[in-house]
$ cat protein-v3.txt   # compact mmCIF, C-alpha atoms
# COMPACT_ATOMS: atom_id res chain seq x y z
CA MET A 235 -27.38 -9.54 20.70
CA LYS A 236 -25.18 -6.44 20.73
CA LEU A 237 -22.56 -6.12 18.02
CA ARG A 238 -19.24 -4.68 19.08
CA ALA A 239 -18.31 -1.44 17.25
CA HIS A 240 -14.97 0.32 16.74
CA ASN A 241 -16.26 3.94 16.76
CA ARG A 242 -13.42 5.01 14.47
CA TYR A 243 -15.69 6.32 11.69
CA ASP A 244 -19.38 6.74 10.91
CA TYR A 245 -21.30 4.89 8.23
CA VAL A 246 -21.61 7.33 5.32
CA PRO A 247 -22.90 5.44 2.26
CA LEU A 248 -21.59 6.46 -1.14
CA PRO A 249 -24.80 8.19 -2.34
CA ASP A 250 -24.84 10.45 0.76
CA ARG A 251 -21.40 11.97 0.11
CA GLN A 252 -20.50 15.26 -1.50
CA ASP A 253 -19.08 15.22 -5.01
CA TYR A 254 -15.65 16.60 -5.89
CA THR A 255 -13.04 16.18 -8.60
CA TRP A 256 -9.36 15.40 -8.63
CA PRO A 257 -6.89 17.93 -10.09
CA GLU A 258 -7.64 19.09 -13.66
CA GLY A 259 -11.18 17.77 -13.32
CA LYS A 260 -10.10 14.11 -13.35
CA ARG A 261 -12.44 11.55 -11.82
CA LEU A 262 -10.20 8.54 -11.23
CA ALA A 263 -6.94 8.65 -9.27
CA PHE A 264 -4.35 5.97 -10.02
CA CYS A 265 -1.82 4.92 -7.36
CA LEU A 266 0.71 2.12 -7.58
CA CYS A 267 1.86 0.99 -4.14
CA ASN A 268 4.92 -1.22 -3.94
CA ASN A 269 6.05 -3.09 -0.81
CA LEU A 270 9.74 -3.25 0.08
CA GLU A 271 10.29 -5.70 2.90
CA VAL A 272 12.95 -7.57 4.85
CA PHE A 273 12.52 -10.73 6.87
CA SER A 274 14.34 -12.55 9.61
CA TYR A 275 16.32 -15.60 8.47
CA ARG A 276 14.77 -18.89 9.62
CA GLU A 277 12.62 -17.24 12.29
CA GLY A 278 9.60 -14.97 12.70
CA ILE A 279 6.77 -14.88 10.18
CA GLY A 280 6.60 -14.41 6.43
CA SER A 281 5.31 -15.75 3.14
CA ASP A 282 6.13 -18.92 1.27
CA SER A 283 5.92 -19.53 -2.46
CA ALA A 284 4.27 -22.94 -2.20
CA VAL A 285 2.83 -23.70 1.25
CA LEU A 286 0.55 -21.51 3.37
CA ASN A 287 1.88 -20.78 6.86
CA ALA A 288 5.09 -22.64 6.15
CA PRO A 289 7.96 -22.37 8.64
CA GLN A 290 10.79 -20.03 7.77
CA THR A 291 13.53 -21.78 5.83
CA HIS A 292 16.49 -20.87 3.65
CA ARG A 293 14.27 -21.47 0.60
CA ASN A 294 11.46 -19.04 1.33
CA TYR A 295 13.96 -16.50 2.65
CA ALA A 296 15.81 -16.69 -0.67
CA TRP A 297 12.54 -16.45 -2.64
CA ARG A 298 11.66 -13.20 -0.88
CA ASP A 299 15.24 -11.94 -1.10
CA TYR A 300 14.91 -12.32 -4.88
CA GLY A 301 12.57 -9.34 -4.75
CA ASN A 302 15.19 -7.00 -3.32
CA ARG A 303 18.10 -8.41 -5.33
CA VAL A 304 16.39 -8.74 -8.73
CA GLY A 305 12.62 -8.26 -8.90
CA GLN A 306 12.54 -4.70 -7.62
CA TRP A 307 15.07 -3.60 -10.21
CA TYR A 308 12.86 -5.05 -12.95
CA LEU A 309 9.93 -3.16 -11.42
CA PHE A 310 11.88 0.11 -11.29
CA ASP A 311 12.65 -0.21 -15.01
CA LEU A 312 9.04 -1.07 -15.79
CA LEU A 313 7.78 1.99 -13.91
CA ASP A 314 10.34 4.11 -15.77
CA ASP A 315 9.06 2.71 -19.09
CA PHE A 316 5.58 4.03 -18.27
CA SER A 317 6.72 7.16 -16.36
CA ILE A 318 4.64 6.08 -13.36
CA PRO A 319 5.45 7.33 -9.83
CA ALA A 320 5.18 4.86 -6.97
CA SER A 321 4.57 4.78 -3.25
CA HIS A 322 6.94 2.34 -1.55
CA ASN A 323 5.71 0.83 1.72
CA SER A 324 9.15 0.30 3.26
CA ASN A 325 10.34 -1.56 6.34
CA SER A 326 12.74 0.73 8.17
CA ALA A 327 15.44 -1.96 8.33
CA LEU A 328 15.39 -2.34 4.56
CA PHE A 329 17.32 0.78 3.62
CA ARG A 330 20.09 0.02 6.10
CA ARG A 331 20.57 -3.39 4.52
CA HIS A 332 19.97 -2.30 0.93
CA PRO A 333 20.85 1.41 0.52
CA GLN A 334 20.94 1.07 -3.27
CA LEU A 335 17.14 0.72 -3.23
CA LEU A 336 16.82 4.06 -1.47
CA ASP A 337 19.18 5.66 -3.98
CA ARG A 338 16.94 4.57 -6.86
CA ILE A 339 13.79 5.71 -5.05
CA LYS A 340 15.32 9.14 -4.52
CA LEU A 341 16.42 9.28 -8.16
CA ARG A 342 12.85 8.56 -9.25
CA GLY A 343 11.35 11.01 -6.77
CA ASP A 344 9.03 8.35 -5.38
CA GLU A 345 7.17 8.40 -2.09
CA ILE A 346 8.09 6.36 0.98
CA VAL A 347 5.39 5.08 3.34
CA ALA A 348 6.44 3.68 6.74
CA HIS A 349 5.90 -0.09 6.94
CA GLY A 350 7.09 -1.09 10.39
CA ARG A 351 10.56 -2.34 11.26
CA SER A 352 10.41 -5.58 9.26
CA ASN A 353 7.88 -8.03 7.88
CA GLY A 354 9.12 -10.70 10.25
CA GLU A 355 6.79 -9.35 12.97
CA ARG A 356 3.28 -8.03 13.55
CA GLN A 357 2.25 -5.11 15.74
CA ASP A 358 -1.26 -6.29 16.64
CA VAL A 359 0.08 -8.89 19.08
CA LEU A 360 1.93 -6.29 21.18
CA ASP A 361 0.73 -4.40 24.22
CA GLU A 362 0.51 -0.62 23.93
CA PRO A 363 4.02 0.26 25.27
CA ASN A 364 5.70 -2.25 22.96
CA GLU A 365 3.65 -1.21 19.94
CA ARG A 366 4.50 2.42 20.65
CA GLU A 367 8.16 1.40 20.77
CA LEU A 368 7.87 -0.43 17.43
CA ILE A 369 6.34 2.64 15.76
CA GLN A 370 8.91 4.94 17.35
CA GLU A 371 11.86 2.76 16.35
CA ALA A 372 10.64 2.39 12.76
CA THR A 373 10.01 6.13 12.51
CA GLU A 374 13.37 7.12 13.96
CA GLU A 375 15.24 4.70 11.71
CA LEU A 376 13.47 6.04 8.62
CA ILE A 377 14.21 9.62 9.63
CA GLU A 378 17.88 8.69 10.07
CA LEU A 379 18.11 6.94 6.72
CA ILE A 380 15.86 8.99 4.43
CA GLY A 381 16.01 12.36 6.19
CA TYR A 382 12.35 12.90 7.05
CA GLN A 383 9.32 11.21 8.56
CA PRO A 384 6.89 9.76 6.03
CA LYS A 385 3.32 11.04 6.17
CA GLY A 386 1.76 7.60 5.89
CA TRP A 387 1.88 4.22 7.62
CA MET A 388 1.09 0.72 6.38
CA GLY A 389 1.29 -1.99 9.02
CA PRO A 390 3.01 -5.26 8.13
CA TYR A 391 0.25 -7.74 7.20
CA PHE A 392 -2.40 -4.97 7.50
CA ALA A 393 -2.07 -5.51 11.25
CA GLN A 394 -3.51 -3.07 13.79
CA SER A 395 -4.24 -3.36 17.48
CA GLU A 396 -7.03 -1.57 19.34
CA VAL A 397 -4.80 1.51 19.76
CA THR A 398 -2.73 1.57 16.55
CA LEU A 399 -4.60 4.53 15.07
CA ASP A 400 -4.11 6.50 18.30
CA LEU A 401 -0.40 5.70 18.38
CA LEU A 402 0.09 6.58 14.72
CA GLN A 403 -1.65 9.95 15.08
CA GLU A 404 0.35 10.71 18.22
CA ALA A 405 3.56 9.77 16.39
CA GLY A 406 2.83 12.37 13.71
CA TYR A 407 1.39 10.23 10.92
CA CYS A 408 -1.27 11.82 8.73
CA PHE A 409 -2.75 8.80 6.94
CA ASN A 410 -2.80 5.02 7.07
CA LEU A 411 -3.46 2.28 4.51
CA ASP A 412 -4.65 -0.51 6.81
CA TRP A 413 -8.43 -0.19 6.48
CA PRO A 414 -9.59 -1.44 3.03
CA ALA A 415 -13.10 -0.12 3.64
CA ASP A 416 -13.60 2.30 0.77
CA ASP A 417 -12.71 3.56 -2.71
CA GLN A 418 -12.54 7.13 -1.41
CA PRO A 419 -10.50 8.60 1.45
CA PHE A 420 -12.23 9.19 4.78
CA TRP A 421 -11.21 10.57 8.15
CA MET A 422 -10.92 8.29 11.18
CA ARG A 423 -11.18 9.27 14.84
CA THR A 424 -8.34 8.83 17.32
CA ARG A 425 -8.19 9.75 20.99
CA ASN A 426 -6.27 12.95 20.17
CA GLY A 427 -7.45 13.95 16.70
CA SER A 428 -8.00 12.49 13.25
CA ILE A 429 -6.05 10.39 10.78
CA MET A 430 -7.05 9.78 7.17
CA SER A 431 -7.68 6.37 5.65
CA VAL A 432 -6.45 6.35 2.05
CA PRO A 433 -7.71 3.50 -0.17
CA TYR A 434 -5.37 0.52 -0.42
CA SER A 435 -6.56 -2.60 -2.19
CA ILE A 436 -6.52 -6.00 -0.54
CA GLU A 437 -7.96 -7.40 -3.80
CA LEU A 438 -5.62 -5.98 -6.46
CA ASN A 439 -2.71 -7.00 -4.26
CA ASP A 440 -0.32 -9.56 -5.68
CA SER A 441 0.66 -11.17 -2.37
CA PRO A 442 -2.78 -12.20 -1.02
CA SER A 443 -4.11 -12.84 -4.53
CA MET A 444 -1.29 -14.89 -6.04
CA VAL A 445 0.43 -16.32 -2.97
CA PHE A 446 -2.50 -17.00 -0.65
CA ARG A 447 -5.46 -17.28 -3.04
CA GLN A 448 -3.34 -18.89 -5.77
CA GLU A 449 -4.49 -16.63 -8.61
CA SER A 450 -2.42 -17.04 -11.77
CA ALA A 451 -0.56 -14.12 -13.32
CA MET A 452 -2.98 -14.16 -16.27
CA SER A 453 -5.99 -14.19 -13.96
CA PHE A 454 -4.54 -11.29 -11.98
CA GLU A 455 -3.93 -9.37 -15.19
CA ARG A 456 -7.61 -9.80 -16.05
CA MET A 457 -8.55 -8.61 -12.56
CA ILE A 458 -6.48 -5.44 -12.97
CA LYS A 459 -8.05 -4.64 -16.33
CA ASP A 460 -11.61 -5.37 -15.17
CA GLN A 461 -11.18 -3.35 -11.98
CA PHE A 462 -9.76 -0.43 -13.93
CA ASP A 463 -12.40 -0.46 -16.67
CA GLU A 464 -15.27 -0.67 -14.19
CA MET A 465 -13.83 2.05 -11.96
CA MET A 466 -13.35 4.32 -14.97
CA TYR A 467 -17.05 3.83 -15.72
CA LEU A 468 -18.13 4.31 -12.09
CA SER A 469 -15.99 7.40 -11.65
CA GLN A 470 -18.21 9.29 -14.09
CA LYS A 471 -20.60 9.55 -11.16
CA ARG A 472 -18.15 10.16 -8.27
CA PRO A 473 -14.39 10.48 -7.68
CA LEU A 474 -12.63 7.20 -6.94
CA VAL A 475 -9.15 5.92 -6.14
CA PHE A 476 -7.75 2.93 -8.05
CA THR A 477 -4.81 1.32 -6.25
CA LEU A 478 -2.62 -1.48 -7.57
CA ILE A 479 -0.37 -3.25 -5.04
CA THR A 480 2.88 -5.03 -5.84
CA HIS A 481 5.59 -6.96 -3.97
CA PRO A 482 8.85 -7.47 -5.89
CA PHE A 483 9.26 -11.03 -4.66
CA VAL A 484 5.88 -11.79 -6.28
CA PHE A 485 5.37 -9.54 -9.30
CA GLY A 486 9.09 -9.14 -9.89
CA HIS A 487 9.37 -12.52 -11.61
CA PRO A 488 9.56 -12.04 -15.39
CA TYR A 489 6.47 -14.05 -16.37
CA ARG A 490 4.37 -12.06 -13.92
CA LEU A 491 6.11 -8.86 -14.95
CA ARG A 492 4.95 -9.48 -18.53
CA ALA A 493 1.35 -9.72 -17.29
CA LEU A 494 1.78 -6.47 -15.35
CA ARG A 495 3.26 -4.80 -18.43
CA ARG A 496 0.19 -5.75 -20.46
CA ALA A 497 -2.15 -4.51 -17.73
CA LEU A 498 -0.33 -1.17 -17.41
CA THR A 499 -0.35 -0.76 -21.18
CA HIS A 500 -4.12 -1.15 -21.06
CA ILE A 501 -4.44 1.40 -18.25
CA MET A 502 -2.11 3.94 -19.79
CA GLU A 503 -4.15 4.01 -22.99
CA ARG A 504 -6.46 6.27 -20.95
CA ARG A 505 -3.68 8.16 -19.23
CA ASP A 506 -5.13 11.56 -20.15
CA GLN A 507 -8.26 10.74 -18.15
CA LEU A 508 -6.36 9.71 -15.01
CA TRP A 509 -4.84 11.59 -12.12
CA ILE A 510 -1.64 9.57 -11.74
CA THR A 511 -0.38 10.22 -8.24
CA THR A 512 0.74 8.59 -4.97
CA VAL A 513 -1.25 7.70 -1.88
CA GLY A 514 0.43 10.69 -0.21
CA GLY A 515 -0.75 12.84 -3.11
CA VAL A 516 -4.32 11.67 -2.48
CA TYR A 517 -3.93 12.56 1.20
CA ASP A 518 -2.51 16.02 0.44
CA TYR A 519 -5.31 16.84 -1.96
CA CYS A 520 -8.14 15.61 0.27
CA ALA A 521 -6.68 17.23 3.38
CA GLY A 522 -6.93 20.54 1.53
CA LEU A 523 -10.58 20.17 0.58
CA GLU A 524 -13.25 22.20 2.35
CA LYS A 525 -14.46 20.72 5.62
CA GLY A 526 -17.40 18.39 5.16
CA ILE A 527 -16.44 17.10 1.71
CA VAL A 528 -14.36 14.13 2.83
CA PRO A 529 -16.40 11.88 5.14
CA GLY A 530 -15.46 12.43 8.77
CA SER A 531 -14.00 15.88 8.25
$ encode --input "protein-v3.txt" --output "structure tokens"
Amino acid sequence: MKLRAHNRYDYVPLPDRQDYTWPEGKRLAFCLCNNLEVFSYREGIGSDSAVLNAPQTHRNYAWRDYGNRVGQWYLFDLLDDFSIPASHNSNSALFRRHPQLLDRIKLRGDEIVAHGRSNGERQDVLDEPNERELIQEATEELIELIGYQPKGWMGPYFAQSEVTLDLLQEAGYCFNLDWPADDQPFWMRTRNGSIMSVPYSIELNDSPSMVFRQESAMSFERMIKDQFDEMMYLSQKRPLVFTLITHPFVFGHPYRLRALRRALTHIMERRDQLWITTVGGVYDYCAGLEKGIVPGS
């Protein structure tokens, strides 16, 4: 039997890697990644609050719209309470529909990561010309609306085709968040160069955990705290990246927000030991390290 391989990166186990530190000698980087998404009304794909793979209805559209109308504004205030920067994985259509969200992001000085055109579609089902068009349209719309091209890309639903990495690198993207393979950044091969994979958790991610795996808010709070405490301990030996992923239509509900507030209070008790940054900040720092330190460089 021959196992099919992707040839995008080599196997470099954790003990075989070079050691380094984050700025100011910190050992654990903390990134909060928030997802700002728009969906097509009564068509396409999306999430549902009660039934897996449910058809698109007025009800689940309204549930997700709650995130942009209400939940995200609660999250903005919560992040302000803790003085935490955020990376916002943003559908390009979102800021045209909801420009007030972009105004608040700019006011906070947060990072924007490209997140496709909308979350009513996936790119992995497209052929190469149509996927290239999707990436190009999303990029051009973001440039028009925010004034620059983001450095990073996160595909809707973590979706990638066989050539997504090639298309992203050719479109000028520097890093992607779609490969949850590591707790450290690593370089990936494309047909015309390299693109960095920055850690992005599929575990500490409120949508798959609470919507699809039906974790409670209290259980998820415990997961955040346990992940953080263990990674703080493990980072004594090697630098790590702790990422926490939110969606305002999930974590933006007040009872879940209270659980997140407790978890962030726990984390921020050790704020002085953390490098609090964005996923783009992790990319910038690692891209500047000497060749050979980051796997694949």
$ closest_atom_pairs --input "protein-v3.txt" --of "region 281-375 of chain A" --to "region 426-436 of chain A" --cutoff "12 Å" --atoms "all atoms listed in the file" --output "Markdown table"
| residue | atom | partner | partner_atom | distance |
| --- | --- | --- | --- | --- |
| A:Ser321 | CA | A:Tyr434 | CA | 11.2 |
| A:Asn323 | CA | A:Tyr434 | CA | 11.3 |
| A:Val347 | CA | A:Val432 | CA | 12.0 |
$ atom_distance --input "protein-v3.txt" --atom1 "CA of Gln290 (chain A)" --atom2 "CA of Met444 (chain A)"
19.1 Å
$ residues_near_point --input "protein-v3.txt" --point "(-0.4, 8.0, -14.2)" --cutoff "9 Å" --atoms "only C-alpha atoms" --output "list of chain:residue names"
A:Ala263, A:Phe264, A:Cys265, A:Leu266, A:Phe316, A:Ser317, A:Ile318, A:Pro319, A:Ile501, A:Met502, A:Arg505, A:Asp506, A:Leu508, A:Trp509, A:Ile510, A:Thr511
$ residues_around --input "protein-v3.txt" --residues "Ser443 (chain A)" --least-positions-apart "3" --cutoff "12 Å" --atoms "all atoms listed in the file" --output "ChimeraX atom specification"
/A:435-440,446-455,457-458,478-481,484-485
$ atom_distance --input "protein-v3.txt" --atom1 "CA of Trp421 (chain A)" --atom2 "CA of Asp400 (chain A)"
13.0 Å
$ closest_residue --input "protein-v3.txt" --among "A:Ile527, A:Leu335, A:Val516, A:Met388" --to "Tyr254 (chain A)" --atoms "all atoms listed in the file"
A:Ile527
$ closest_residue --input "protein-v3.txt" --among "A:Phe420, A:Asp361, A:Ala497, A:Val272" --to "Pro247 (chain A)" --atoms "only C-alpha atoms"
A:Phe420
$ closest_residue --input "protein-v3.txt" --among "A:Leu360, A:Glu365, A:Leu341, A:Leu312" --to "Leu498 (chain A)" --atoms "only C-alpha atoms"
A:Leu312
$ residues_around --input "protein-v3.txt" --residues "Val285 (chain A)" --least-positions-apart "2" --cutoff "10 Å" --atoms "only C-alpha atoms" --output "list in words"
Ser281, Asp282, Ser283, Asn287, Ala288, Pro289, Asn294, Val445 and Phe446 of chain A
$ write_last_selection --input "protein-v3.txt" --atoms "C-alpha atoms" --output "tab-separated table (two decimals), keeping the file's coordinate frame"
chain	number	residue	atom	x	y	z
A	281	SER	CA	5.31	-15.75	3.14
A	282	ASP	CA	6.13	-18.92	1.27
A	283	SER	CA	5.92	-19.53	-2.46
A	287	ASN	CA	1.88	-20.78	6.86
A	288	ALA	CA	5.09	-22.64	6.15
A	289	PRO	CA	7.96	-22.37	8.64
A	294	ASN	CA	11.46	-19.04	1.33
A	445	VAL	CA	0.43	-16.32	-2.97
A	446	PHE	CA	-2.50	-17.00	-0.65
$ closest_residue --input "protein-v3.txt" --among "A:Leu468, A:Ala493, A:Val528, A:Leu328" --to "Leu262 (chain A)" --atoms "all atoms listed in the file"
A:Leu468
$ residues_around --input "protein-v3.txt" --residues "Gln370 (chain A)" --least-positions-apart "5" --cutoff "12 Å" --atoms "only C-alpha atoms" --output "MDAnalysis selection string"
chainID A and resid 326 348:351 363:365 375:377 383 401:407
$ closest_residue --input "protein-v3.txt" --among "A:Arg293, A:Leu411, A:Glu362, A:Pro488" --to "Ser395 (chain A)" --atoms "all atoms listed in the file"
A:Glu362
$ atom_distance --input "protein-v3.txt" --atom1 "CA of Asn269 (chain A)" --atom2 "CA of Asn302 (chain A)"
10.3 Å
$ closest_residue --input "protein-v3.txt" --among "A:Pro473, A:Gly386, A:Pro419, A:Gly515" --to "Gly259 (chain A)" --atoms "only C-alpha atoms"
A:Pro473
$ residues_near_point --input "protein-v3.txt" --point "(10.8, -19.6, 10.7)" --cutoff "9 Å" --atoms "all atoms listed in the file" --output "JSON, numbers by chain"
{"A": [274, 275, 276, 277, 278, 279, 280, 288, 289, 290, 291]}
$ write_last_selection --input "protein-v3.txt" --atoms "C-alpha atoms" --output "PDB file, keeping the file's coordinate frame"
ATOM      1  CA  SER A 274      14.340 -12.550   9.610  1.00  0.00           C
ATOM      2  CA  TYR A 275      16.320 -15.600   8.470  1.00  0.00           C
ATOM      3  CA  ARG A 276      14.770 -18.890   9.620  1.00  0.00           C
ATOM      4  CA  GLU A 277      12.620 -17.240  12.290  1.00  0.00           C
ATOM      5  CA  GLY A 278       9.600 -14.970  12.700  1.00  0.00           C
ATOM      6  CA  ILE A 279       6.770 -14.880  10.180  1.00  0.00           C
ATOM      7  CA  GLY A 280       6.600 -14.410   6.430  1.00  0.00           C
ATOM      8  CA  ALA A 288       5.090 -22.640   6.150  1.00  0.00           C
ATOM      9  CA  PRO A 289       7.960 -22.370   8.640  1.00  0.00           C
ATOM     10  CA  GLN A 290      10.790 -20.030   7.770  1.00  0.00           C
ATOM     11  CA  THR A 291      13.530 -21.780   5.830  1.00  0.00           C
TER      12      THR A 291
END
$ residues_around --input "protein-v3.txt" --residues "Tyr308 (chain A)" --least-positions-apart "4" --cutoff "12 Å" --atoms "only C-alpha atoms" --output "number ranges by chain"
A: 300-304, 312-315, 481-492, 494-495
$ residues_around --input "protein-v3.txt" --residues "Leu474 (chain A)" --least-positions-apart "3" --cutoff "8 Å" --atoms "all atoms listed in the file" --output "MDAnalysis selection string"
chainID A and resid 261:263 417:418 465 469
$ build_atoms --input "protein-v3.txt" --residues "region 517-528 of chain A" --atoms "N, CA and C atoms" --output "PDB file, in the coordinates of the input"
ATOM      1  N   TYR A 517      -3.764  11.959  -0.130  1.00  0.00           N
ATOM      2  CA  TYR A 517      -3.930  12.560   1.200  1.00  0.00           C
ATOM      3  C   TYR A 517      -3.804  14.075   1.120  1.00  0.00           C
ATOM      4  N   ASP A 518      -2.741  14.570   0.506  1.00  0.00           N
ATOM      5  CA  ASP A 518      -2.510  16.020   0.440  1.00  0.00           C
ATOM      6  C   ASP A 518      -3.693  16.742  -0.184  1.00  0.00           C
ATOM      7  N   TYR A 519      -4.206  16.183  -1.272  1.00  0.00           N
ATOM      8  CA  TYR A 519      -5.310  16.840  -1.960  1.00  0.00           C
ATOM      9  C   TYR A 519      -6.573  16.845  -1.102  1.00  0.00           C
ATOM     10  N   CYS A 520      -6.893  15.697  -0.523  1.00  0.00           N
ATOM     11  CA  CYS A 520      -8.140  15.610   0.270  1.00  0.00           C
ATOM     12  C   CYS A 520      -8.046  16.375   1.570  1.00  0.00           C
ATOM     13  N   ALA A 521      -6.846  16.449   2.154  1.00  0.00           N
ATOM     14  CA  ALA A 521      -6.680  17.230   3.380  1.00  0.00           C
ATOM     15  C   ALA A 521      -6.902  18.712   3.126  1.00  0.00           C
ATOM     16  N   GLY A 522      -6.733  19.138   1.882  1.00  0.00           N
ATOM     17  CA  GLY A 522      -6.930  20.540   1.530  1.00  0.00           C
ATOM     18  C   GLY A 522      -8.325  20.891   1.081  1.00  0.00           C
ATOM     19  N   LEU A 523      -9.208  19.897   0.986  1.00  0.00           N
ATOM     20  CA  LEU A 523     -10.580  20.170   0.580  1.00  0.00           C
ATOM     21  C   LEU A 523     -11.367  20.822   1.716  1.00  0.00           C
ATOM     22  N   GLU A 524     -12.401  21.528   1.361  1.00  0.00           N
ATOM     23  CA  GLU A 524     -13.250  22.200   2.350  1.00  0.00           C
ATOM     24  C   GLU A 524     -13.833  21.189   3.327  1.00  0.00           C
ATOM     25  N   LYS A 525     -13.916  21.592   4.579  1.00  0.00           N
ATOM     26  CA  LYS A 525     -14.460  20.720   5.620  1.00  0.00           C
ATOM     27  C   LYS A 525     -15.850  20.244   5.242  1.00  0.00           C
ATOM     28  N   GLY A 526     -16.091  18.961   5.456  1.00  0.00           N
ATOM     29  CA  GLY A 526     -17.400  18.390   5.160  1.00  0.00           C
ATOM     30  C   GLY A 526     -17.455  17.629   3.859  1.00  0.00           C
ATOM     31  N   ILE A 527     -16.434  17.818   2.997  1.00  0.00           N
ATOM     32  CA  ILE A 527     -16.440  17.100   1.710  1.00  0.00           C
ATOM     33  C   ILE A 527     -15.982  15.676   1.894  1.00  0.00           C
ATOM     34  N   VAL A 528     -14.851  15.486   2.547  1.00  0.00           N
ATOM     35  CA  VAL A 528     -14.360  14.130   2.830  1.00  0.00           C
ATOM     36  C   VAL A 528     -15.095  13.606   4.053  1.00  0.00           C
TER      37      VAL A 528
END
